[in-house]
Amino acid sequence: MTRAIHHRACHLCEAICGLLIETDGEQILSIKGDPDDPLSRGHICPKAVALQDIHEDPDRLRGPVRRIRGVNGAADQWRDIGWDEALDTTARQLVAIAQRDGVNAIGIYMGNPTVHNYGMMTHQKNLFRHFRTDNRFSATSVDQLPHHLVAMWLFGHKSLFPIPDIDRCDYFLMLGANPIASNGSIWTVPDVRRRIKDLKRRGGKLVVVDPRRTETAQLASEHLFITPGSDALFLLALLQTLFAEDLVDPGALSGFVSGLDTVAVAIADFTPEFAAPHTGIDAETTRRLARELAAAGAGICYGRMGVSTQAYGTLCQWALQLLNIATGNLDQPGGSLFTLPAVDQVSGISPGGFGRHHSRVRGLPEFDRELPAAAMAEEITTPGEGQIRALFVGAGNPVLSTPNGRQLDAALEQLEFMACLDPYLNETTRQADIILPPTSPLEHDHYDLGFHINAIRNTARHSEAVFPKPEGALHDWEIFAELGNRVAELLGQAPQPTLPPHEIIDLGLQMGPYSARQGSPHALSLAELRQHPSGIDLGPLQPQLPQRLQTRDQTINCATPQPLADLQRLRDEFAEPGDGLLRLIGRRHVRSNNSWMHNYRRLVKGKDRCTLLMHPRDMQSRDIADGVEVTLSSRAGAVKVTVEASEDMMPGVVSLPHGYGHDRPGIRMQTAVRHAGVSCNDVTDELALDVLSGNAAVNGVPVTVSPA
Ligand SMILES: Nc1nc2c(c(=O)[nH]1)N[C@H]1C(S)=C(S)[C@@H](COP(=O)(O)OP(=O)(O)OC[C@H]3O[C@@H](n4cnc5c(=O)[nH]c(N)nc54)[C@H](O)[C@@H]3O)O[C@H]1N2
Ligand SMILES: Nc1nc2c(c(=O)[nH]1)N[C@H]1C(S)=C(S)[C@@H](COP(=O)(O)OP(=O)(O)OC[C@H]3O[C@@H](n4cnc5c(=O)[nH]c(N)nc54)[C@H](O)[C@@H]3O)O[C@H]1N2
Ligand code: SF4
Ligand SMILES: [Mo]
């Protein structure tokens with residue numbers, strides 16, 4: 001047999017670690033971190049081995065299947081079919097339904113792995129250009145939608161995210177993020193544990209604000225509990241303190257930042273004293289933190305899931321970036337900077353748009369031509385023109401990942417046709433008529449189109465496929481291309497010639513900022529990257545403002561009308577006393593990943609992780625003993641789950657991870673079924689939104705907990 005070592009990027013999370021995969025023929029012998037990767041420096045997490053488990057998983061579908069619906073209560077059957085039948089049927093059904101009921105009868109939902117799979121990013125338009133439906137959805141609106149909106153409003157482009165330069169900062173204020181478990185998000189920061197330790201070793205400070213004393217909080221210099229959903233009050237109080245104490249100093253940004261005076265007036269009443277009873281953080285602590293951030297040589301304010309998937313997600317992200325601007329920490333080494341990736345996702349790419357159409361039933365705004373996922377079920381079940389009758393799901397599991405998943409699950413049954421581009425028969429795809437499974441990740445090449453733009457260092461890397469494509473299999477991008485061509489044929493159009501993803505990347509590299517054409521000494525091209533399989537280092541993040549701004553006048557106007565208008569909603573809510581109910585938040589574990597990493601024995605072994613964490617005091621007052629089953633319920637639904645006492649929880653707050661609930665009938669994931677757990681999103685509420693953006697508020701859900 002022939003032994004070989006393959007350089008490969010791990011695509012499972014945003015850290016994009018470099019790997020060395022040793023193989024012997026078709027066997028994987030080992031998966032290790034690549035010490036020569038300029039970004040990840042040899043780091044990996046326990047999930048890296050899942051690349052082997054995914055590849056070898058007998059449950060992973062190797063060819064398309066079609067559902068034969070059971071009659072008279074009999075179970076559905078799945079029949080193996082050929083690609084021609086699968087692709088033809090899908091194309092024909094979509095076209096027929098769009099022609100009969102209009103294009104809005106076609107719904108589309110794209111899930112998170114789409115952005116980890118560059119072929120899906122480059123080729124989805126081959127199919128979707130034929131279906132310019134208003135009813136497009138994605139995981140964005142259960143995740144980072146507020147980040148996009150704020151980037152678009154302040155910096156002129158949905159993808160211009162300020163990236164925390166942790167390696168050079170000396171003060172880091174972090175809210176609603178747990179990178180020790182998540183490995184970072186909208187912040188590609190492999191090996192974050194070592195980087196946090198280095199920060200503290202050089203005398204810097206990390207402050208974590210989170211309703212749970214998380215794995216990251218345990219490493220921090222200081223941890224503060226905060227009542228879920230109240231962060232906007234805290235962040236505005238920090239900002240208000242800067243204004244009130246004359247600590248605002250945008251420094252090098254001054255020449256192209258405007259509107260701070262307007263903001264100062266608009267938020268004058270959001271004092272630390274106003275915030276304190278709601279947040280649980282006393283006024284003096286808030287003032288001290290504002291002063292510390294202002295005094296820091298290089299400071300960062302960063303917030304992620306916990307402050308975006310909540311009722312004031314957009315206000316939070318806006319206030320947070322104003323803090324970085326007001327303290328002069330934006331675009332400074334050791335602050336938060338913009339990246340300059342080798343294939344640029346900013347210049348020449350749509351900056352994003354907002355509110356150009358609204359959802360039919362609830363009138364929720366689109367962002368970037370997508371509607372909030374929380375509206376999907378009602379758009380399927382409510383009759384009338386524009387009702388979704390067919391759904392295409394790519395790399396998504398919305399039954400487990402969007403609020404009130406039970407309701408969506410039931411809605412999917414009413415569809416006339418559903419097709420899923422997915423390697424598994426799971427909680428969502430079991431409702432499909434046809435499942436189109438792509439090749440395994442190791443059978444296709446890889447470029448991190450989605451994540452270099454969020455990375456703490458500019459690097460570039462291309463990974464070849466580790467294994468050849470099996471006979472008769474199709475990559476995700478080929479499935480899109482094939483479907484697009486078949487739809488074109490049905491519409492009497494010529495098929496669209498298409499380049500494979502690596503050629504598109506090659507063009508991007510050769511036109512990008514590190515190309516010979518731009519006079520860069522790196523002279524990047526795909527051929528050049530292939531010479532450097534561990535990746536090429538393009539250096540630390542550099543100040544780029546105002547040139548990098550995509551706003552019309554190349555300035556940052558801080559007085560953003562939409563968040564300013566949303567302040568009144570915040571005032572109104574907190575003028576009333578609280579309802580006294582418990583608040584539900586989520587939780588991530590380093591051995592799990594959203595809904596689809598529970599089928600790999602090496603990752604799920606050990607004690608049950610789908611437990612409800614609760615403070616002992618809250619348990620006592622409800623007569624709940626540690627380890628018993630409780631009923632967790634909300635307006636939207638209820639689950640029975642094992643409770644686990646934890647002093648790490650803020651009193652009044654309970655935590656349950658999402659992505660479980662594999663006990664639905666008819667799924668084909670043997671290991672996941674044995675570690676079924678319950679779905680957190682059977683309890684989260686599709687009506688609970690960040691009203692400004694339409695992002696789901698899956699954190700801070702009012703719940704009750706009682707002995708089962
Ligand atoms: N309550 C609560 N809900 C949440 C969250 C939370 O914290 N709490 N987090 C939210 C977040 S941040 C996100 S991103 C969403 C995720 O929401 P989704 O994207 O809807 O769900 P995933 O669990 O990522 O499901 C991914 C699906 O893609 C398939 N898949 C994996 N790799 C590939 C591939 O290469 N090609 C194809 N075609 N398919 C693939 C898997 O089999 C799986 O079915 O969930 C959100 N929901
Ligand atoms: N191991 C693992 N890694 C992952 C994933 C995974 O599922 N597992 N998912 C990937 C995806 S899709 C994403 S988007 C990222 C997410 O990356 P992160 O945002 O870093 O991950 P979370 O663990 O969801 O962190 C959210 C934190 O917010 C806290 N929180 C909840 N509500 C509030 C609130 O109201 N205010 C404040 N201040 N905090 C609050 C929670 O306690 C939690 O610690 O992780 C990615 N990486
Ligand atoms: S942190 Fe783990 S899952 Fe994320 S890219 Fe690195 S090895 Fe993969
Ligand atoms: Mo996410």
# chains A, B, ... in the order shown; residues from 1 in each chain; ligands from 1

$ closest_atom_pairs --of "chain A" --to "ligand 4" --cutoff "12 Å" --atoms "only C-alpha atoms and all ligand atoms" --output "CSV"
residue,atom,partner,partner_atom_place_in_ligand_line,distance
A:Leu12,CA,ligand 4,1 (Mo),11.4
A:Cys13,CA,ligand 4,1 (Mo),9.2
A:Glu14,CA,ligand 4,1 (Mo),9.3
A:Gly111,CA,ligand 4,1 (Mo),9.1
A:Asn112,CA,ligand 4,1 (Mo),6.3
A:Pro113,CA,ligand 4,1 (Mo),9.3
A:Thr114,CA,ligand 4,1 (Mo),11.1
A:Val115,CA,ligand 4,1 (Mo),10.1
A:His116,CA,ligand 4,1 (Mo),11.0
A:Ser138,CA,ligand 4,1 (Mo),10.6
A:Ala139,CA,ligand 4,1 (Mo),7.0
A:Thr140,CA,ligand 4,1 (Mo),7.4
A:Ser141,CA,ligand 4,1 (Mo),9.5
A:Val142,CA,ligand 4,1 (Mo),7.6
A:Asp143,CA,ligand 4,1 (Mo),5.3
A:Gln144,CA,ligand 4,1 (Mo),7.1
A:Leu145,CA,ligand 4,1 (Mo),10.3
A:Ala177,CA,ligand 4,1 (Mo),11.7
A:Ser182,CA,ligand 4,1 (Mo),9.7
A:Asn183,CA,ligand 4,1 (Mo),11.8
A:Gly184,CA,ligand 4,1 (Mo),10.4
A:Ser185,CA,ligand 4,1 (Mo),7.7
A:Ile186,CA,ligand 4,1 (Mo),9.2
A:Trp187,CA,ligand 4,1 (Mo),11.9
A:Arg304,CA,ligand 4,1 (Mo),9.8
A:Met305,CA,ligand 4,1 (Mo),7.8
A:Gly306,CA,ligand 4,1 (Mo),11.3
A:Ser308,CA,ligand 4,1 (Mo),10.8
A:Thr309,CA,ligand 4,1 (Mo),10.1
A:Gly396,CA,ligand 4,1 (Mo),11.3
A:Ser401,CA,ligand 4,1 (Mo),9.7
A:Thr402,CA,ligand 4,1 (Mo),11.4
A:Arg588,CA,ligand 4,1 (Mo),10.9
A:Asn593,CA,ligand 4,1 (Mo),9.4
A:Asn594,CA,ligand 4,1 (Mo),7.8
A:Ser595,CA,ligand 4,1 (Mo),10.9
A:His658,CA,ligand 4,1 (Mo),11.3
A:Gly659,CA,ligand 4,1 (Mo),11.5

$ closest_atom_pairs --of "region 468-514 of chain A" --to "region 522-541 of chain A" --cutoff "7 Å" --atoms "only C-alpha atoms" --output "CSV"
residue,atom,partner,partner_atom,distance
A:Asp506,CA,A:Leu526,CA,4.9
A:Leu509,CA,A:Ser525,CA,5.2
A:Gln510,CA,A:Ser525,CA,5.3
A:Tyr514,CA,A:Leu524,CA,5.7

$ write_last_selection --atoms "all heavy atoms" --output "tab-separated table (two decimals), in the first residue's frame"
chain	number	residue	atom	x	y	z
A	506	ASP	N	-8.93	30.50	-8.32
A	506	ASP	CA	-7.70	30.92	-9.00
A	506	ASP	C	-7.86	32.32	-9.60
A	506	ASP	O	-6.99	33.18	-9.45
A	506	ASP	CB	-7.37	29.88	-10.09
A	506	ASP	CG	-5.95	30.06	-10.63
A	506	ASP	OD1	-5.12	30.69	-9.94
A	506	ASP	OD2	-5.69	29.59	-11.75
A	509	LEU	N	-7.83	34.82	-6.76
A	509	LEU	CA	-6.46	35.04	-6.27
A	509	LEU	C	-5.68	35.94	-7.22
A	509	LEU	O	-4.96	36.85	-6.80
A	509	LEU	CB	-5.72	33.70	-6.14
A	509	LEU	CG	-6.20	32.74	-5.04
A	509	LEU	CD1	-5.58	31.35	-5.24
A	509	LEU	CD2	-5.82	33.29	-3.66
A	510	GLN	N	-5.86	35.69	-8.52
A	510	GLN	CA	-5.06	36.42	-9.50
A	510	GLN	C	-5.56	37.85	-9.73
A	510	GLN	O	-4.89	38.64	-10.39
A	510	GLN	CB	-5.06	35.66	-10.83
A	510	GLN	CG	-4.36	34.32	-10.68
A	510	GLN	CD	-3.92	33.76	-12.01
A	510	GLN	OE1	-3.37	34.48	-12.83
A	510	GLN	NE2	-4.14	32.47	-12.22
A	514	TYR	N	-3.16	40.28	-3.32
A	514	TYR	CA	-1.79	39.74	-3.24
A	514	TYR	C	-1.37	39.14	-4.58
A	514	TYR	O	-0.55	38.22	-4.65
A	514	TYR	CB	-1.70	38.68	-2.14
A	514	TYR	CG	-2.20	39.19	-0.81
A	514	TYR	CD1	-3.53	38.99	-0.43
A	514	TYR	CD2	-1.37	39.91	0.04
A	514	TYR	CE1	-4.01	39.48	0.77
A	514	TYR	CE2	-1.83	40.40	1.25
A	514	TYR	CZ	-3.16	40.19	1.61
A	514	TYR	OH	-3.63	40.69	2.80

$ residues_near_ligand --ligand "ligand 3" --cutoff "9 Å" --atoms "only C-alpha atoms and all ligand atoms" --output "PyMOL selection string"
chain A and resi 9-19+32-33+40+43-51+181-184+189-191+590-593

$ write_last_selection --atoms "N, CA and C atoms" --output "compact mmCIF listing (two decimals), in the first residue's frame"
# COMPACT_ATOMS: atom_id res chain seq x y z
N ALA A 9 -7.21 21.51 5.44
CA ALA A 9 -7.83 22.41 6.41
C ALA A 9 -9.03 21.71 7.02
N CYS A 10 -9.22 21.86 8.33
CA CYS A 10 -10.44 21.36 8.95
C CYS A 10 -11.54 22.38 8.67
N HIS A 11 -12.66 21.90 8.14
CA HIS A 11 -13.73 22.83 7.76
C HIS A 11 -14.87 22.81 8.77
N LEU A 12 -14.68 22.12 9.91
CA LEU A 12 -15.82 21.90 10.80
C LEU A 12 -16.23 23.14 11.59
N CYS A 13 -15.26 23.99 11.93
CA CYS A 13 -15.67 25.22 12.59
C CYS A 13 -14.88 26.37 12.00
N GLU A 14 -15.08 27.57 12.56
CA GLU A 14 -14.51 28.77 11.96
C GLU A 14 -13.01 28.91 12.20
N ALA A 15 -12.44 28.05 13.03
CA ALA A 15 -11.00 28.18 13.34
C ALA A 15 -10.12 27.72 12.18
N ILE A 16 -10.65 26.99 11.25
CA ILE A 16 -9.99 26.51 10.02
C ILE A 16 -8.56 25.98 10.26
N CYS A 17 -8.42 25.10 11.25
CA CYS A 17 -7.09 24.58 11.59
C CYS A 17 -6.47 23.79 10.44
N GLY A 18 -5.17 23.92 10.31
CA GLY A 18 -4.41 23.13 9.35
C GLY A 18 -4.15 21.74 9.91
N LEU A 19 -4.36 20.72 9.09
CA LEU A 19 -4.19 19.34 9.53
C LEU A 19 -3.18 18.61 8.66
N LYS A 32 -3.52 14.91 12.56
CA LYS A 32 -2.77 15.73 13.52
C LYS A 32 -2.79 17.19 13.09
N GLY A 33 -2.44 18.07 14.02
CA GLY A 33 -2.33 19.49 13.68
C GLY A 33 -1.09 19.73 12.82
N SER A 40 -2.88 28.45 12.37
CA SER A 40 -3.27 27.57 13.48
C SER A 40 -2.07 27.00 14.23
N HIS A 43 -2.40 23.76 16.17
CA HIS A 43 -3.54 23.53 17.06
C HIS A 43 -4.62 22.69 16.37
N ILE A 44 -5.21 21.77 17.12
CA ILE A 44 -6.48 21.15 16.70
C ILE A 44 -7.33 20.94 17.95
N CYS A 45 -8.59 20.62 17.75
CA CYS A 45 -9.46 20.30 18.88
C CYS A 45 -9.96 18.86 18.69
N PRO A 46 -10.68 18.32 19.67
CA PRO A 46 -11.10 16.92 19.56
C PRO A 46 -11.99 16.62 18.34
N LYS A 47 -12.56 17.64 17.75
CA LYS A 47 -13.45 17.38 16.60
C LYS A 47 -12.69 17.02 15.33
N ALA A 48 -11.41 17.33 15.25
CA ALA A 48 -10.69 17.09 14.00
C ALA A 48 -10.81 15.64 13.55
N VAL A 49 -10.79 14.71 14.51
CA VAL A 49 -10.87 13.29 14.14
C VAL A 49 -12.22 12.94 13.51
N ALA A 50 -13.20 13.82 13.71
CA ALA A 50 -14.51 13.56 13.11
C ALA A 50 -14.44 13.56 11.59
N LEU A 51 -13.40 14.18 11.03
CA LEU A 51 -13.29 14.14 9.57
C LEU A 51 -13.20 12.70 9.09
N ALA A 181 -15.01 26.88 23.96
CA ALA A 181 -15.85 25.79 23.43
C ALA A 181 -16.07 25.93 21.93
N SER A 182 -16.30 27.14 21.46
CA SER A 182 -16.70 27.31 20.05
C SER A 182 -15.50 27.46 19.12
N ASN A 183 -14.35 27.72 19.67
CA ASN A 183 -13.13 28.01 18.90
C ASN A 183 -13.27 29.30 18.09
N GLY A 184 -14.16 30.16 18.54
CA GLY A 184 -14.23 31.50 17.96
C GLY A 184 -15.24 31.60 16.84
N VAL A 189 -9.83 32.23 15.07
CA VAL A 189 -8.76 32.39 16.05
C VAL A 189 -8.34 31.03 16.60
N PRO A 190 -7.75 30.19 15.75
CA PRO A 190 -7.33 28.87 16.24
C PRO A 190 -6.37 29.03 17.42
N ASP A 191 -6.45 28.08 18.34
CA ASP A 191 -5.55 28.10 19.49
C ASP A 191 -5.86 29.28 20.40
N VAL A 590 -17.13 21.66 23.21
CA VAL A 590 -16.08 21.53 22.20
C VAL A 590 -16.20 20.24 21.39
N ARG A 591 -16.87 19.22 21.92
CA ARG A 591 -17.00 17.96 21.19
C ARG A 591 -18.27 17.87 20.36
N SER A 592 -18.98 18.96 20.25
CA SER A 592 -20.23 18.93 19.49
C SER A 592 -20.18 20.05 18.46
N ASN A 593 -21.08 20.02 17.50
CA ASN A 593 -21.15 21.12 16.54
C ASN A 593 -22.57 21.20 16.01

$ residues_around --residues "region 56-64 of chain A" --least-positions-apart "3" --cutoff "7 Å" --atoms "only C-alpha atoms" --output "ChimeraX atom specification"
/A:52-53,80-83,86,423-424,435-437,668-669

$ write_last_selection --atoms "all heavy atoms" --output "mmCIF file, in the first residue's frame"
data_model
loop_
_atom_site.group_PDB
_atom_site.id
_atom_site.type_symbol
_atom_site.label_atom_id
_atom_site.label_comp_id
_atom_site.auth_asym_id
_atom_site.auth_seq_id
_atom_site.Cartn_x
_atom_site.Cartn_y
_atom_site.Cartn_z
ATOM 1 N N GLN A 52 -12.482 11.877 9.844
ATOM 2 C CA GLN A 52 -12.419 10.450 9.514
ATOM 3 C C GLN A 52 -13.778 9.796 9.759
ATOM 4 O O GLN A 52 -14.266 9.014 8.928
ATOM 5 C CB GLN A 52 -11.347 9.771 10.376
ATOM 6 C CG GLN A 52 -11.334 8.255 10.195
ATOM 7 C CD GLN A 52 -10.231 7.577 10.992
ATOM 8 O OE1 GLN A 52 -9.550 8.205 11.813
ATOM 9 N NE2 GLN A 52 -10.030 6.288 10.735
ATOM 10 N N ASP A 53 -14.393 10.136 10.891
ATOM 11 C CA ASP A 53 -15.659 9.491 11.238
ATOM 12 C C ASP A 53 -16.763 9.831 10.239
ATOM 13 O O ASP A 53 -17.587 8.982 9.910
ATOM 14 C CB ASP A 53 -16.077 9.892 12.656
ATOM 15 C CG ASP A 53 -15.024 9.506 13.694
ATOM 16 O OD1 ASP A 53 -14.169 8.668 13.359
ATOM 17 O OD2 ASP A 53 -15.055 10.039 14.821
ATOM 18 N N ASP A 80 -33.437 3.670 -2.823
ATOM 19 C CA ASP A 80 -32.257 4.188 -3.534
ATOM 20 C C ASP A 80 -32.646 4.473 -4.968
ATOM 21 O O ASP A 80 -33.294 3.637 -5.612
ATOM 22 C CB ASP A 80 -31.125 3.137 -3.537
ATOM 23 C CG ASP A 80 -30.591 2.908 -2.135
ATOM 24 O OD1 ASP A 80 -30.615 3.845 -1.331
ATOM 25 O OD2 ASP A 80 -30.148 1.769 -1.837
ATOM 26 N N ILE A 81 -32.250 5.628 -5.457
ATOM 27 C CA ILE A 81 -32.534 5.950 -6.860
ATOM 28 C C ILE A 81 -31.253 6.442 -7.528
ATOM 29 O O ILE A 81 -30.281 6.776 -6.851
ATOM 30 C CB ILE A 81 -33.654 7.023 -7.013
ATOM 31 C CG1 ILE A 81 -33.292 8.300 -6.245
ATOM 32 C CG2 ILE A 81 -34.990 6.482 -6.567
ATOM 33 C CD1 ILE A 81 -34.256 9.460 -6.484
ATOM 34 N N GLY A 82 -31.269 6.513 -8.844
ATOM 35 C CA GLY A 82 -30.097 6.995 -9.577
ATOM 36 C C GLY A 82 -30.085 8.523 -9.606
ATOM 37 O O GLY A 82 -31.092 9.182 -9.328
ATOM 38 N N TRP A 83 -28.931 9.091 -9.963
ATOM 39 C CA TRP A 83 -28.803 10.550 -9.997
ATOM 40 C C TRP A 83 -29.737 11.170 -11.023
ATOM 41 O O TRP A 83 -30.297 12.247 -10.794
ATOM 42 C CB TRP A 83 -27.360 10.961 -10.274
ATOM 43 C CG TRP A 83 -26.523 10.959 -9.015
ATOM 44 C CD1 TRP A 83 -25.526 10.071 -8.692
ATOM 45 C CD2 TRP A 83 -26.620 11.872 -7.912
ATOM 46 N NE1 TRP A 83 -25.004 10.386 -7.448
ATOM 47 C CE2 TRP A 83 -25.660 11.489 -6.952
ATOM 48 C CE3 TRP A 83 -27.436 12.967 -7.638
ATOM 49 C CZ2 TRP A 83 -25.481 12.170 -5.752
ATOM 50 C CZ3 TRP A 83 -27.262 13.651 -6.445
ATOM 51 C CH2 TRP A 83 -26.300 13.252 -5.511
ATOM 52 N N ALA A 86 -33.116 11.435 -9.562
ATOM 53 C CA ALA A 86 -33.132 12.393 -8.448
ATOM 54 C C ALA A 86 -33.076 13.833 -8.957
ATOM 55 O O ALA A 86 -33.851 14.692 -8.524
ATOM 56 C CB ALA A 86 -31.951 12.117 -7.525
ATOM 57 N N PRO A 423 -25.900 15.002 3.420
ATOM 58 C CA PRO A 423 -25.412 13.626 3.500
ATOM 59 C C PRO A 423 -26.182 12.731 4.467
ATOM 60 O O PRO A 423 -25.870 11.537 4.569
ATOM 61 C CB PRO A 423 -23.963 13.808 3.977
ATOM 62 C CG PRO A 423 -23.918 15.120 4.654
ATOM 63 C CD PRO A 423 -24.980 15.971 4.047
ATOM 64 N N TYR A 424 -27.140 13.268 5.199
ATOM 65 C CA TYR A 424 -27.812 12.451 6.221
ATOM 66 C C TYR A 424 -29.330 12.465 6.098
ATOM 67 O O TYR A 424 -29.929 13.452 5.666
ATOM 68 C CB TYR A 424 -27.428 12.936 7.636
ATOM 69 C CG TYR A 424 -26.034 12.493 8.021
ATOM 70 C CD1 TYR A 424 -24.971 13.391 7.998
ATOM 71 C CD2 TYR A 424 -25.783 11.164 8.359
ATOM 72 C CE1 TYR A 424 -23.684 12.973 8.325
ATOM 73 C CE2 TYR A 424 -24.504 10.733 8.682
ATOM 74 C CZ TYR A 424 -23.459 11.638 8.660
ATOM 75 O OH TYR A 424 -22.197 11.217 8.979
ATOM 76 N N ILE A 435 -33.499 13.128 -1.190
ATOM 77 C CA ILE A 435 -32.262 13.608 -0.560
ATOM 78 C C ILE A 435 -31.123 13.406 -1.557
ATOM 79 O O ILE A 435 -30.951 12.313 -2.117
ATOM 80 C CB ILE A 435 -31.949 12.865 0.753
ATOM 81 C CG1 ILE A 435 -33.135 12.933 1.712
ATOM 82 C CG2 ILE A 435 -30.698 13.456 1.413
ATOM 83 C CD1 ILE A 435 -32.940 12.140 3.001
ATOM 84 N N LEU A 436 -30.373 14.478 -1.765
ATOM 85 C CA LEU A 436 -29.256 14.475 -2.706
ATOM 86 C C LEU A 436 -27.968 14.543 -1.885
ATOM 87 O O LEU A 436 -27.616 15.620 -1.387
ATOM 88 C CB LEU A 436 -29.356 15.701 -3.622
ATOM 89 C CG LEU A 436 -30.688 15.910 -4.333
ATOM 90 C CD1 LEU A 436 -30.874 17.370 -4.756
ATOM 91 C CD2 LEU A 436 -30.777 14.995 -5.553
ATOM 92 N N PRO A 437 -27.272 13.442 -1.675
ATOM 93 C CA PRO A 437 -26.087 13.492 -0.822
ATOM 94 C C PRO A 437 -24.811 13.796 -1.622
ATOM 95 O O PRO A 437 -24.559 13.173 -2.649
ATOM 96 C CB PRO A 437 -26.022 12.085 -0.229
ATOM 97 C CG PRO A 437 -26.672 11.215 -1.253
ATOM 98 C CD PRO A 437 -27.609 12.057 -2.074
ATOM 99 N N ARG A 668 -31.892 8.214 10.227
ATOM 100 C CA ARG A 668 -30.909 7.162 10.039
ATOM 101 C C ARG A 668 -29.544 7.645 10.525
ATOM 102 O O ARG A 668 -28.662 7.955 9.733
ATOM 103 C CB ARG A 668 -30.852 6.783 8.553
ATOM 104 C CG ARG A 668 -30.233 5.419 8.307
ATOM 105 C CD ARG A 668 -30.151 5.127 6.808
ATOM 106 N NE ARG A 668 -31.451 4.903 6.177
ATOM 107 C CZ ARG A 668 -31.619 4.774 4.861
ATOM 108 N NH1 ARG A 668 -30.573 4.841 4.033
ATOM 109 N NH2 ARG A 668 -32.830 4.586 4.353
ATOM 110 N N MET A 669 -29.422 7.775 11.847
ATOM 111 C CA MET A 669 -28.155 8.179 12.459
ATOM 112 C C MET A 669 -28.050 7.378 13.755
ATOM 113 O O MET A 669 -28.433 7.844 14.825
ATOM 114 C CB MET A 669 -28.133 9.688 12.712
ATOM 115 C CG MET A 669 -28.255 10.514 11.439
ATOM 116 S SD MET A 669 -28.197 12.315 11.706
ATOM 117 C CE MET A 669 -26.442 12.632 11.735
#

$ residues_around --residues "Thr90 (chain A)" --least-positions-apart "6" --cutoff "10 Å" --atoms "only C-alpha atoms" --output "PyMOL selection string"
chain A and resi 84+96+392+417-420+433-436+483+486-487
